[in-house]
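Peer 1: Once you've had a glance at the structure underneath, I'll fire off some questions.
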Amino acid sequence: RLFTTKGAGQIPVVMILDKEGYIIEQQPTGTPADGWASFEGTLMTALSEWLAAKGESVVTTREPGGTAIGEALRLPLLDPSNQNLSDLTELGLMFAARSQHVFECIEPALARGDWVICDRFTDSTYAYQGGGRGISAALIAQFEDLTLGGFAPNLTVLLDVPVAIGLARAAQVGAPDRFESEQHAFFERARETFLNRAETHKRTQIIDASQPQATVMKEVVSLIEQHWLSVQGDPS
């Protein structure tokens with residue numbers, strides 16, 4: 001996502017989310033040189049370098065995580081042995097990590113005038129805990145309002161890939177984490193939720209991540225360039 005903020009409380013932030021959630025972070029195509037396992041990090045690096053070349057300061061981070069507390073909360077969320085973790089506990093841990101992330105990492109970066117490149121944010125919670133787990137969007141919105149108070153980006157870059165492709169890529173990486181261990185239908189529901197939110201949240205730009213990596217990279221960088229140019233022309 002991109003938080004387009006500039007000047008007094010208006011500093012740009014980029015937040016990258018993907019519609020396959022935790023899968024795309026670990027998606028190889030089969031060979032180390034052409035693997036998807038490291039693509040997300042490569043993409044974030046490319047965006048950081050592009051912005052740095054424009055004279056911008058950049059912070060890269062991820063969710064759940066981004067802080068020492070957030071990374072500690074990430075462990076039980078992804079540990080496949082935690083099969084008894086309740087859906088509401090999962091939801092609470094996600095927002096606890098996110099609240100700390102915003103407080104300790106993102107807001108201070110915005111105050112400094114930095115761009116922040118973040119892998120996933122609240123849309124993933126609506127998709128995975130909402131669409132996937134079946135928790136109501138109204139309840140998630142209550143958690144969101146309580147912990148974030150309306151804090152949200154202006155642009156979401158959504159990397160979309162069909163579930164079957166995403167699962168096939170993830171299977172080539174190694175042992176699945178707690179989310180990757182879910183059934184196909186779970187990811188279909190999550191993907192549908194992402195798509196539905198994209199229709200109602202115009203900040204979302206969808207990229208077809210089933211394309212070659214070079215094409216995906218080019219399209220995402222182009223979106224960031226367009227946004228950067230729009231921010232430069234914003235008198236605020």
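Identifiers in the structure tokens: chain A, B, ... in order shown; residue index from 1 per chain; ligand index from 1 in order shown.
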Which residues of region 119-175 of chain A come within 12 Å of region 38-60 of chain A, and what is each one's closest atom pair and distance in Å (one decimal), counting only C-alpha atoms, sorted by chain and residue number, as CSV?

Peer 2:
residue,atom,partner,partner_atom,distance
A:Asp119,CA,A:Thr60,CA,8.1
A:Arg120,CA,A:Glu40,CA,11.1
A:Val157,CA,A:Leu43,CA,11.7
A:Leu159,CA,A:Glu40,CA,9.9
A:Arg169,CA,A:Phe39,CA,11.8
A:Ala170,CA,A:Ser38,CA,11.8
A:Val173,CA,A:Ser38,CA,10.5

Peer 1: Keeping only N, CA and C atoms, take the residues you just selected and write them out as a PDB file, in the first residue's frame.

Peer 2:
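That gives us again_26.pdb:
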ATOM      1  N   ASP A 119       5.409  -5.066   3.520  1.00  0.00           N
ATOM      2  CA  ASP A 119       4.819  -6.279   2.975  1.00  0.00           C
ATOM      3  C   ASP A 119       3.588  -6.646   3.806  1.00  0.00           C
ATOM      4  N   ARG A 120       2.399  -6.365   3.255  1.00  0.00           N
ATOM      5  CA  ARG A 120       1.090  -6.665   3.847  1.00  0.00           C
ATOM      6  C   ARG A 120       0.674  -5.658   4.921  1.00  0.00           C
ATOM      7  N   VAL A 157      -0.838  -1.953  -3.666  1.00  0.00           N
ATOM      8  CA  VAL A 157      -0.407  -2.736  -4.820  1.00  0.00           C
ATOM      9  C   VAL A 157      -0.667  -4.193  -4.471  1.00  0.00           C
ATOM     10  N   LEU A 159      -0.600  -8.000  -5.485  1.00  0.00           N
ATOM     11  CA  LEU A 159      -0.012  -8.980  -6.396  1.00  0.00           C
ATOM     12  C   LEU A 159      -0.918 -10.202  -6.440  1.00  0.00           C
ATOM     13  N   ARG A 169       3.717 -23.100  -6.249  1.00  0.00           N
ATOM     14  CA  ARG A 169       4.988 -22.431  -6.000  1.00  0.00           C
ATOM     15  C   ARG A 169       5.434 -22.646  -4.563  1.00  0.00           C
ATOM     16  N   ALA A 170       4.511 -22.501  -3.632  1.00  0.00           N
ATOM     17  CA  ALA A 170       4.847 -22.644  -2.217  1.00  0.00           C
ATOM     18  C   ALA A 170       5.323 -24.056  -1.899  1.00  0.00           C
ATOM     19  N   VAL A 173       9.090 -24.883  -1.913  1.00  0.00           N
ATOM     20  CA  VAL A 173       9.998 -24.180  -1.010  1.00  0.00           C
ATOM     21  C   VAL A 173      10.446 -25.055   0.145  1.00  0.00           C
TER      22      VAL A 173
END

Peer 1: Hey, what's within 9 Å of Gly131 (chain A) if we count only C-alpha atoms and toss same-chain stuff fewer than 3 positions away? As a PyMOL selection string, please?

Peer 2: chain A and resi 125-128+134-137+186-194

Peer 1: Can you write out as JSON lines which residues of region 137-167 of chain A fall within 9 Å of region 84-99 of chain A, alongside each residue's closest atom pair and its distance in Å to one decimal, counting only C-alpha atoms and ordering rows by chain and ascending residue number?

Peer 2:
{"residue": "A:Ile140", "atom": "CA", "partner": "A:Leu91", "partner_atom": "CA", "distance": 7.9}
{"residue": "A:Phe143", "atom": "CA", "partner": "A:Phe95", "partner_atom": "CA", "distance": 7.0}
{"residue": "A:Glu144", "atom": "CA", "partner": "A:Phe95", "partner_atom": "CA", "distance": 7.3}
{"residue": "A:Thr147", "atom": "CA", "partner": "A:Ser99", "partner_atom": "CA", "distance": 5.5}
{"residue": "A:Leu148", "atom": "CA", "partner": "A:Ser99", "partner_atom": "CA", "distance": 6.3}

Peer 1: Please, could you write that set of residues out with N, CA and C atoms as an mmCIF file, in the first residue's frame?

Peer 2:
data_model
loop_
_atom_site.group_PDB
_atom_site.id
_atom_site.type_symbol
_atom_site.label_atom_id
_atom_site.label_comp_id
_atom_site.auth_asym_id
_atom_site.auth_seq_id
_atom_site.Cartn_x
_atom_site.Cartn_y
_atom_site.Cartn_z
ATOM 1 N N ILE A 140 -13.808 -7.323 12.530
ATOM 2 C CA ILE A 140 -12.462 -6.913 12.144
ATOM 3 C C ILE A 140 -12.368 -5.393 12.112
ATOM 4 N N PHE A 143 -11.798 -4.048 15.565
ATOM 5 C CA PHE A 143 -10.391 -4.187 15.950
ATOM 6 C C PHE A 143 -9.545 -3.129 15.247
ATOM 7 N N GLU A 144 -9.827 -2.927 13.972
ATOM 8 C CA GLU A 144 -9.069 -1.953 13.191
ATOM 9 C C GLU A 144 -9.230 -0.552 13.761
ATOM 10 N N THR A 147 -7.381 -0.266 17.233
ATOM 11 C CA THR A 147 -5.914 -0.306 17.244
ATOM 12 C C THR A 147 -5.262 0.691 16.297
ATOM 13 N N LEU A 148 -5.959 1.054 15.215
ATOM 14 C CA LEU A 148 -5.356 1.926 14.207
ATOM 15 C C LEU A 148 -6.017 3.287 14.110
#

Peer 1: Using backbone DSSP assignments, extract all strand (DSSP E) residues from region 73-174 of chain A; output them as a list in words.

Peer 2: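 Checking each residue of region 73-174 of chain A, the strand (DSSP E) ones are Trp115, Val116, Ile117, Cys118, Asp119, Thr156, Val157, Leu158, Leu159 and Asp160 of chain A.
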
Peer 1: If we count only C-alpha atoms and set the cut-off at 10 Å, which residues sit around Gly65 (chain A), ignoring sequence neighbours fewer than 4 positions away in its own chain? Please answer as an MDAnalysis selection string.

Peer 2: chainID A and resid 61 69:75 94 97:98 100:101 119
